[in-house]
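File shown: start25.tsv (TSV, C-alpha atoms).
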chain	number	residue	atom	x	y	z
A	147	MET	CA	-42.12	91.52	47.06
A	148	LYS	CA	-42.99	93.44	50.23
A	149	LYS	CA	-43.89	90.25	52.12
A	150	PHE	CA	-40.73	88.55	50.94
A	151	GLU	CA	-38.68	91.50	52.18
A	152	GLU	CA	-40.42	91.18	55.55
A	153	PHE	CA	-39.53	87.48	55.53
A	154	LEU	CA	-35.88	88.30	54.80
A	155	ASN	CA	-35.80	90.97	57.52
A	156	LYS	CA	-37.17	88.53	60.06
A	157	LEU	CA	-34.72	85.86	58.93
A	158	GLU	CA	-31.85	88.33	59.21
A	159	LYS	CA	-32.82	89.10	62.83
A	160	LYS	CA	-33.14	85.42	63.70
A	161	LEU	CA	-29.68	84.70	62.26
A	162	TYR	CA	-28.12	87.05	64.81
A	163	PHE	CA	-25.40	84.45	65.60
A	164	PHE	CA	-23.87	84.85	62.11
A	165	SER	CA	-21.60	87.63	60.87
A	166	ASN	CA	-23.08	90.13	58.39
A	167	GLU	CA	-21.23	88.41	55.55
A	168	GLU	CA	-22.64	85.01	56.49
A	169	ILE	CA	-26.15	86.43	56.80
A	170	ASN	CA	-25.83	87.93	53.31
A	171	LEU	CA	-24.87	84.52	51.90
A	172	VAL	CA	-27.93	82.92	53.50
A	173	LEU	CA	-30.13	85.70	52.14
A	174	ILE	CA	-28.65	85.17	48.67
A	175	ASP	CA	-29.75	81.52	48.90
A	176	TYR	CA	-33.30	82.53	49.76
A	177	LYS	CA	-33.45	85.29	47.14
A	178	GLU	CA	-32.29	82.76	44.55
A	179	LEU	CA	-34.90	80.26	45.71
A	180	TYR	CA	-37.61	82.90	45.64
A	181	GLU	CA	-36.73	84.02	42.12
A	182	GLU	CA	-36.69	80.42	40.86
A	183	LYS	CA	-40.06	79.67	42.44
A	184	LEU	CA	-41.44	82.89	41.00
A	185	LYS	CA	-41.04	81.32	37.56
A	186	SER	CA	-43.68	78.69	38.35
A	187	THR	CA	-46.05	80.76	40.49
A	188	LYS	CA	-46.68	84.47	40.81
A	189	ASP	CA	-48.28	84.15	44.23
A	190	GLU	CA	-45.83	85.70	46.67
A	191	GLU	CA	-47.61	84.33	49.73
A	192	GLU	CA	-47.60	80.77	48.33
A	193	ILE	CA	-43.84	80.93	47.84
A	194	ILE	CA	-43.25	82.29	51.34
A	195	ASN	CA	-45.53	79.63	52.82
A	196	SER	CA	-43.50	76.96	51.04
A	197	PHE	CA	-40.48	78.03	53.12
A	198	ASP	CA	-40.14	77.13	56.77
A	199	LYS	CA	-40.62	79.92	59.30
A	200	PRO	CA	-37.53	82.12	59.91
A	201	GLU	CA	-37.35	80.81	63.50
A	202	ILE	CA	-37.12	77.20	62.25
A	203	ILE	CA	-34.60	78.07	59.53
A	204	ALA	CA	-32.36	79.84	62.05
A	205	GLN	CA	-32.73	77.02	64.56
A	206	ASN	CA	-31.73	74.46	61.90
A	207	TYR	CA	-28.59	76.46	61.14
A	208	ALA	CA	-27.78	76.70	64.85
A	209	THR	CA	-28.34	72.97	65.42
A	210	GLU	CA	-26.34	71.95	62.34
A	211	LEU	CA	-23.40	74.16	63.31
A	212	GLY	CA	-23.61	73.45	67.05
A	213	ILE	CA	-24.36	77.06	68.00
A	214	LYS	CA	-26.15	77.82	71.27
A	215	THR	CA	-29.00	80.28	70.92
A	216	SER	CA	-30.49	82.61	73.49
A	217	ILE	CA	-33.34	85.12	73.34
A	218	ILE	CA	-31.38	87.65	75.38
A	219	LYS	CA	-28.33	87.40	73.07
A	220	GLU	CA	-30.62	87.74	70.04
A	221	TRP	CA	-32.10	90.93	71.48
A	222	ILE	CA	-28.70	92.37	72.41
A	223	VAL	CA	-27.19	91.69	68.97
A	224	ASN	CA	-30.20	93.06	67.09
A	225	THR	CA	-30.37	96.15	69.30
A	226	LYS	CA	-26.65	96.78	68.75
A	227	LYS	CA	-27.18	96.50	64.99
A	228	TYR	CA	-30.13	98.87	65.16
A	229	VAL	CA	-28.17	101.41	67.19
A	230	ASN	CA	-25.17	101.15	64.81
A	231	LYS	CA	-27.44	101.63	61.83
A	232	GLU	CA	-29.04	104.69	63.39
A	233	PHE	CA	-25.65	106.17	64.30
A	234	ASN	CA	-24.35	105.58	60.79
A	235	LYS	CA	-27.36	107.47	59.51
A	236	LEU	CA	-26.44	110.26	61.90
A	237	VAL	CA	-22.87	110.35	60.61
A	238	ASP	CA	-24.18	110.66	57.06
A	239	LEU	CA	-26.51	113.36	58.21
A	240	SER	CA	-23.73	115.26	59.96
A	241	GLU	CA	-21.72	115.34	56.73
A	242	LYS	CA	-24.66	116.86	54.91
A	243	GLN	CA	-25.73	119.19	57.71
A	244	THR	CA	-22.45	120.82	58.72
A	245	SER	CA	-23.82	124.25	57.90
A	246	LYS	CA	-27.07	123.67	59.73
A	247	ASP	CA	-25.84	122.85	63.23
A	248	ASP	CA	-29.12	123.48	65.00
A	249	LEU	CA	-31.01	121.10	62.79
A	250	TYR	CA	-28.30	118.45	63.20
A	251	ILE	CA	-28.33	118.65	67.02
A	252	ASP	CA	-32.10	118.46	66.96
A	253	LYS	CA	-32.02	115.29	64.85
A	254	VAL	CA	-29.31	113.71	67.00
A	255	PHE	CA	-31.40	114.37	70.09
A	256	TRP	CA	-34.52	112.74	68.63
A	257	LYS	CA	-32.59	109.75	67.29
A	258	LEU	CA	-31.09	109.16	70.73
A	259	MET	CA	-34.49	109.57	72.29
A	260	SER	CA	-36.00	107.01	69.90
A	261	ILE	CA	-33.27	104.49	70.83
A	262	LEU	CA	-33.91	105.13	74.53
A	263	ILE	CA	-37.67	104.79	74.08
A	264	LEU	CA	-37.14	101.54	72.17
A	265	PHE	CA	-35.09	100.17	75.05
A	266	PHE	CA	-37.62	101.14	77.71
A	267	LYS	CA	-40.48	99.79	75.59
A	268	PHE	CA	-38.75	96.42	75.45
A	269	VAL	CA	-38.00	96.36	79.20
A	270	PHE	CA	-41.55	97.40	80.03
A	271	LYS	CA	-43.04	94.75	77.71
A	272	LEU	CA	-40.84	92.07	79.23
A	273	ILE	CA	-41.65	93.02	82.83
A	274	LYS	CA	-45.37	93.28	82.04
A	275	MET	CA	-45.43	89.87	80.38
A	276	VAL	CA	-43.51	88.14	83.17
A	277	VAL	CA	-45.35	89.80	86.07
A	278	ILE	CA	-48.83	89.21	84.62
A	279	SER	CA	-48.22	85.54	83.78
A	280	MET	CA	-46.62	84.96	87.21
A	281	LEU	CA	-49.51	86.58	89.08
A	282	VAL	CA	-52.09	84.60	87.08
A	283	ILE	CA	-50.33	81.33	87.91
A	284	VAL	CA	-49.96	82.24	91.59
A	285	ILE	CA	-53.62	83.28	91.96
A	286	VAL	CA	-54.89	80.17	90.14
A	287	ILE	CA	-52.80	77.88	92.36
A	288	SER	CA	-53.89	79.70	95.55
A	289	ILE	CA	-57.59	79.60	94.63
A	290	THR	CA	-57.33	75.90	93.70
A	291	MET	CA	-55.66	75.06	96.99
A	292	TYR	CA	-58.21	77.11	98.94
A	293	LEU	CA	-61.08	75.34	97.15
A	294	LEU	CA	-59.50	71.92	97.65
A	295	SER	CA	-59.06	72.52	101.38
A	296	PHE	CA	-62.63	73.79	101.55
A	297	ILE	CA	-64.06	70.78	99.64
A	298	PHE	CA	-62.00	67.97	101.15
A	299	LEU	CA	-60.99	69.27	104.59
A	300	LYS	CA	-64.04	71.48	105.17
A	301	ILE	CA	-61.82	74.40	106.20
A	302	ASN	CA	-63.38	77.73	105.38
A	303	ASP	CA	-60.50	79.99	106.31
A	304	PHE	CA	-59.38	82.77	104.00
A	305	THR	CA	-55.90	82.90	105.59
A	306	ILE	CA	-55.21	79.61	103.75
A	307	PHE	CA	-55.53	81.51	100.50
A	308	ILE	CA	-53.15	84.22	101.75
A	309	ARG	CA	-50.59	81.64	102.90
A	310	PHE	CA	-50.69	79.78	99.59
A	311	PHE	CA	-50.43	83.07	97.76
A	312	GLN	CA	-47.30	84.00	99.73
A	313	THR	CA	-45.70	80.56	99.28
A	314	THR	CA	-46.38	80.24	95.53
A	315	LEU	CA	-45.25	83.81	94.99
A	316	THR	CA	-41.92	83.05	96.67
A	317	VAL	CA	-41.53	79.81	94.71
A	318	SER	CA	-42.33	81.52	91.42
A	319	PHE	CA	-39.74	84.23	92.16
A	320	ILE	CA	-37.11	81.52	92.66
A	321	VAL	CA	-38.22	79.75	89.44
A	322	LEU	CA	-38.10	83.07	87.60
A	323	LEU	CA	-34.60	83.74	88.85
A	324	LEU	CA	-33.44	80.28	87.74
A	325	MET	CA	-35.07	80.76	84.32
A	326	PHE	CA	-33.37	84.13	83.95
A	327	ILE	CA	-29.98	82.61	84.78
A	328	SER	CA	-30.48	79.77	82.27
A	329	LEU	CA	-31.59	82.31	79.60
A	330	ILE	CA	-28.47	84.39	80.08
A	331	ARG	CA	-26.25	81.33	79.90
A	332	GLY	CA	-28.01	80.34	76.66
A	333	LYS	CA	-29.64	77.04	76.03
A	334	ASN	CA	-29.46	74.90	72.93
A	335	GLU	CA	-33.11	74.65	72.03
B	88	MET	CA	-37.72	57.13	55.08
B	89	ASN	CA	-36.74	57.43	58.75
B	90	LYS	CA	-35.74	61.00	59.66
B	91	GLU	CA	-32.52	59.99	61.41
B	92	LEU	CA	-31.50	57.72	58.53
B	93	LYS	CA	-32.12	60.56	56.09
B	94	LYS	CA	-29.97	62.89	58.18
B	95	GLY	CA	-27.16	60.35	58.13
B	96	VAL	CA	-27.03	59.99	54.36
B	97	LEU	CA	-27.67	63.60	53.34
B	98	ASP	CA	-24.01	64.59	53.74
B	99	ILE	CA	-22.85	61.89	51.32
B	100	CYS	CA	-25.62	62.68	48.84
B	101	VAL	CA	-24.91	66.43	48.89
B	102	LEU	CA	-21.17	65.85	48.38
B	103	SER	CA	-21.76	63.24	45.69
B	104	PHE	CA	-24.23	65.51	43.85
B	105	ILE	CA	-21.82	68.45	43.85
B	106	ALA	CA	-18.82	66.24	43.00
B	107	LYS	CA	-20.35	65.50	39.59
B	108	GLU	CA	-20.67	69.17	38.71
B	109	ASP	CA	-20.71	72.57	40.45
B	110	ARG	CA	-24.30	73.36	41.41
B	111	TYR	CA	-26.19	76.35	42.73
B	112	GLY	CA	-28.41	76.21	45.81
B	113	TYR	CA	-31.76	75.88	44.05
B	114	GLN	CA	-30.58	72.90	41.98
B	115	ILE	CA	-29.41	71.08	45.10
B	116	VAL	CA	-32.60	71.88	47.01
B	117	GLN	CA	-34.77	70.73	44.08
B	118	GLU	CA	-32.97	67.47	43.35
B	119	LEU	CA	-32.29	66.32	46.90
B	120	GLY	CA	-35.50	67.80	48.27
B	121	GLU	CA	-37.58	65.67	45.91
B	122	LEU	CA	-35.46	62.59	46.48
B	123	PHE	CA	-35.56	62.68	50.28
B	124	GLU	CA	-38.64	64.85	50.89
B	125	VAL	CA	-36.63	67.43	52.81
B	126	LYS	CA	-37.07	71.19	52.74
B	127	GLU	CA	-34.57	73.89	51.93
B	128	SER	CA	-34.25	74.68	55.64
B	129	THR	CA	-32.61	71.28	56.10
B	130	ILE	CA	-30.35	71.33	53.03
B	131	TYR	CA	-28.96	74.88	53.30
B	132	PRO	CA	-27.59	74.38	56.85
B	133	ILE	CA	-25.86	71.17	55.69
B	134	LEU	CA	-24.29	73.09	52.80
B	135	LYS	CA	-23.22	75.78	55.25
B	136	ARG	CA	-21.61	73.24	57.59
B	137	LEU	CA	-19.80	71.44	54.75
B	138	ASN	CA	-18.60	74.82	53.54
B	139	LYS	CA	-17.43	75.78	57.04
B	140	ASP	CA	-15.58	72.47	57.39
B	141	ASN	CA	-13.85	73.19	54.07
B	142	PHE	CA	-15.42	70.27	52.19
B	143	LEU	CA	-17.18	72.70	49.86
B	144	SER	CA	-16.28	76.12	48.54
B	145	THR	CA	-18.62	78.72	47.06
B	146	TYR	CA	-18.45	81.36	44.39
B	147	LEU	CA	-20.98	83.89	43.19
B	148	ILE	CA	-22.04	84.31	39.58
B	149	GLU	CA	-24.09	87.21	38.29
B	150	SER	CA	-27.15	86.03	36.42
B	151	ASN	CA	-28.95	87.96	33.67
B	152	ALA	CA	-32.18	86.13	34.40
B	153	GLY	CA	-32.35	86.84	38.12
B	154	PRO	CA	-30.34	87.55	41.26
B	155	VAL	CA	-26.76	86.49	42.01
B	156	ARG	CA	-26.35	82.71	42.09
B	157	LYS	CA	-24.20	81.02	44.71
B	158	TYR	CA	-22.43	77.98	43.27
B	159	TYR	CA	-21.04	75.18	45.40
B	160	LYS	CA	-17.84	73.38	44.42
B	161	ILE	CA	-16.32	70.33	46.10
B	162	THR	CA	-12.80	70.76	47.50
B	163	GLU	CA	-10.00	68.17	47.66
B	164	GLU	CA	-10.85	67.56	51.35
B	165	GLY	CA	-14.45	67.12	50.27
B	166	ARG	CA	-13.48	64.49	47.70
B	167	THR	CA	-11.46	62.59	50.29
B	168	LYS	CA	-14.34	62.78	52.76
B	169	LEU	CA	-16.78	61.58	50.10
B	170	LYS	CA	-14.54	58.63	49.22
B	171	ASN	CA	-14.25	57.63	52.90
B	172	GLU	CA	-17.95	58.13	53.56
B	173	VAL	CA	-18.99	56.08	50.51
B	174	GLU	CA	-16.67	53.24	51.58
B	175	GLY	CA	-18.10	53.44	55.09
B	176	TRP	CA	-21.65	53.47	53.75
B	177	TYR	CA	-21.20	50.34	51.60
B	178	LYS	CA	-19.54	48.57	54.51
B	179	PHE	CA	-22.43	49.57	56.79
B	180	VAL	CA	-25.09	48.51	54.26
B	181	GLY	CA	-23.26	45.19	53.78
B	182	ILE	CA	-23.25	44.49	57.53
B	183	VAL	CA	-26.94	45.39	57.93
B	184	LYS	CA	-27.92	43.36	54.84
B	185	GLU	CA	-26.00	40.35	56.07
B	186	TYR	CA	-27.57	40.64	59.51
B	187	LEU	CA	-31.09	40.95	58.12
B	188	GLU	CA	-30.69	37.98	55.79
B	189	GLU	CA	-29.44	35.69	58.54
Could you take the file, read its structure, and then write that structure out as structure tokens?
Amino acid sequence: MKKFEEFLNKLEKKLYFFSNEEINLVLIDYKELYEEKLKSTKDEEEIINSFDKPEIIAQNYATELGIKTSIIKEWIVNTKKYVNKEFNKLVDLSEKQTSKDDLYIDKVFWKLMSILILFFKFVFKLIKMVVISMLVIVIVISITMYLLSFIFLKINDFTIFIRFFQTTLTVSFIVLLLMFISLIRGKNE
Amino acid sequence: MNKELKKGVLDICVLSFIAKEDRYGYQIVQELGELFEVKESTIYPILKRLNKDNFLSTYLIESNAGPVRKYYKITEEGRTKLKNEVEGWYKFVGIVKEYLEE
């Protein structure tokens, strides 16, 4: 049941373009399907493997309903939901902790800190991923061009490598910027 | 069967299947899934779209044997759509058949 719950959680996140009510109805469908399949096999993993991946399920819904998806929007919606959930927990806590103000403030502080850390973790991960992959591509292209000029044109000048590095770096920055713009606008995958 | 062809007829088959009797998701997935070799991830979005377009309505029924079951029921608009689609389908099949036999 634990793996199935993980599957449902992932599906819920991927269906970010639906309202909570709509997501619940989709989850009801999958719970029903799971329970029915459980009658013929007790292997939880086998049942989950018989379903498509949450990404594909969500994409099928988006395609069928003509909804445009975007990774950035998905992250924003899921982060908002997470923050709302955490704040609701805090409200509950405040009702219980009215007499223990110090403890309440302490918990509020750490909850806010955890949200902030989560945000920075995501930004850091994203920057790291983009910068590393961009540098690898730029270096590979520069080395290839340097080697090609060395092999075919017999030019053994290291400044060629530097020039190619500068040019490809500039081009990749432009490509990155264009990709970022298209991501924000949202593309129908 | 060709994927695109399957996609074209699934709407009619789903509507026709539910028009006979109200069905819950698993029944529809089982019956149509076996018939057309399509997975639940294809059928559920179609049901969702038909529901959104008001051709189907849903209601939940508590089940003693398991979780809540979501039943699908065809609406009046759905019946009209089904009638039109079936007429269109037979017309289309007739034209193709005639063309192929020429």
Practice item. Hey, list the chain A side of the contact with chain B: 7 Å cut-off, only C-alpha atoms, answer as a list in words. Key: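 Close to chain B, chain A has Asp175, Glu178, Leu179, Glu181, Asp198, Ile203, Asn206, Tyr207, Glu210 and Leu211 of chain A.
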Check your understanding: Between atom CA of A:Asn230 and atom CA of A:Phe265, what is the spacing in Å?
Key ->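 Atom-to-atom, atom CA of A:Phe265 to atom CA of A:Asn230, that is 14.3 Å.
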So which residues fall inside 12 Å of (-15.1, 64.6, 53.9) if we count all atoms listed in the file? Mind giving them as an mmCIF file with C-alpha atoms, keeping the file's coordinate frame?
data_model
loop_
_atom_site.group_PDB
_atom_site.id
_atom_site.type_symbol
_atom_site.label_atom_id
_atom_site.label_comp_id
_atom_site.auth_asym_id
_atom_site.auth_seq_id
_atom_site.Cartn_x
_atom_site.Cartn_y
_atom_site.Cartn_z
ATOM 1 C CA ASP B 98 -24.010 64.590 53.740
ATOM 2 C CA ILE B 99 -22.850 61.890 51.320
ATOM 3 C CA CYS B 100 -25.620 62.680 48.840
ATOM 4 C CA VAL B 101 -24.910 66.430 48.890
ATOM 5 C CA LEU B 102 -21.170 65.850 48.380
ATOM 6 C CA SER B 103 -21.760 63.240 45.690
ATOM 7 C CA ALA B 106 -18.820 66.240 43.000
ATOM 8 C CA ARG B 136 -21.610 73.240 57.590
ATOM 9 C CA LEU B 137 -19.800 71.440 54.750
ATOM 10 C CA ASN B 138 -18.600 74.820 53.540
ATOM 11 C CA LYS B 139 -17.430 75.780 57.040
ATOM 12 C CA ASP B 140 -15.580 72.470 57.390
ATOM 13 C CA ASN B 141 -13.850 73.190 54.070
ATOM 14 C CA PHE B 142 -15.420 70.270 52.190
ATOM 15 C CA LEU B 143 -17.180 72.700 49.860
ATOM 16 C CA ILE B 161 -16.320 70.330 46.100
ATOM 17 C CA THR B 162 -12.800 70.760 47.500
ATOM 18 C CA GLU B 163 -10.000 68.170 47.660
ATOM 19 C CA GLU B 164 -10.850 67.560 51.350
ATOM 20 C CA GLY B 165 -14.450 67.120 50.270
ATOM 21 C CA ARG B 166 -13.480 64.490 47.700
ATOM 22 C CA THR B 167 -11.460 62.590 50.290
ATOM 23 C CA LYS B 168 -14.340 62.780 52.760
ATOM 24 C CA LEU B 169 -16.780 61.580 50.100
ATOM 25 C CA LYS B 170 -14.540 58.630 49.220
ATOM 26 C CA ASN B 171 -14.250 57.630 52.900
ATOM 27 C CA GLU B 172 -17.950 58.130 53.560
ATOM 28 C CA VAL B 173 -18.990 56.080 50.510
ATOM 29 C CA GLU B 174 -16.670 53.240 51.580
ATOM 30 C CA GLY B 175 -18.100 53.440 55.090
#
Around (-28.6, 92.5, 58.8) in the file's frame, which residues reach within 8 Å when counting only C-alpha atoms? Return as a PDB file with C-alpha atoms, in the coordinates of the input?
ATOM      1  CA  ASN A 155     -35.800  90.970  57.520  1.00  0.00           C
ATOM      2  CA  GLU A 158     -31.850  88.330  59.210  1.00  0.00           C
ATOM      3  CA  LYS A 159     -32.820  89.100  62.830  1.00  0.00           C
ATOM      4  CA  ASN A 166     -23.080  90.130  58.390  1.00  0.00           C
ATOM      5  CA  ILE A 169     -26.150  86.430  56.800  1.00  0.00           C
ATOM      6  CA  ASN A 170     -25.830  87.930  53.310  1.00  0.00           C
ATOM      7  CA  LYS A 227     -27.180  96.500  64.990  1.00  0.00           C
TER       8      LYS A 227
END
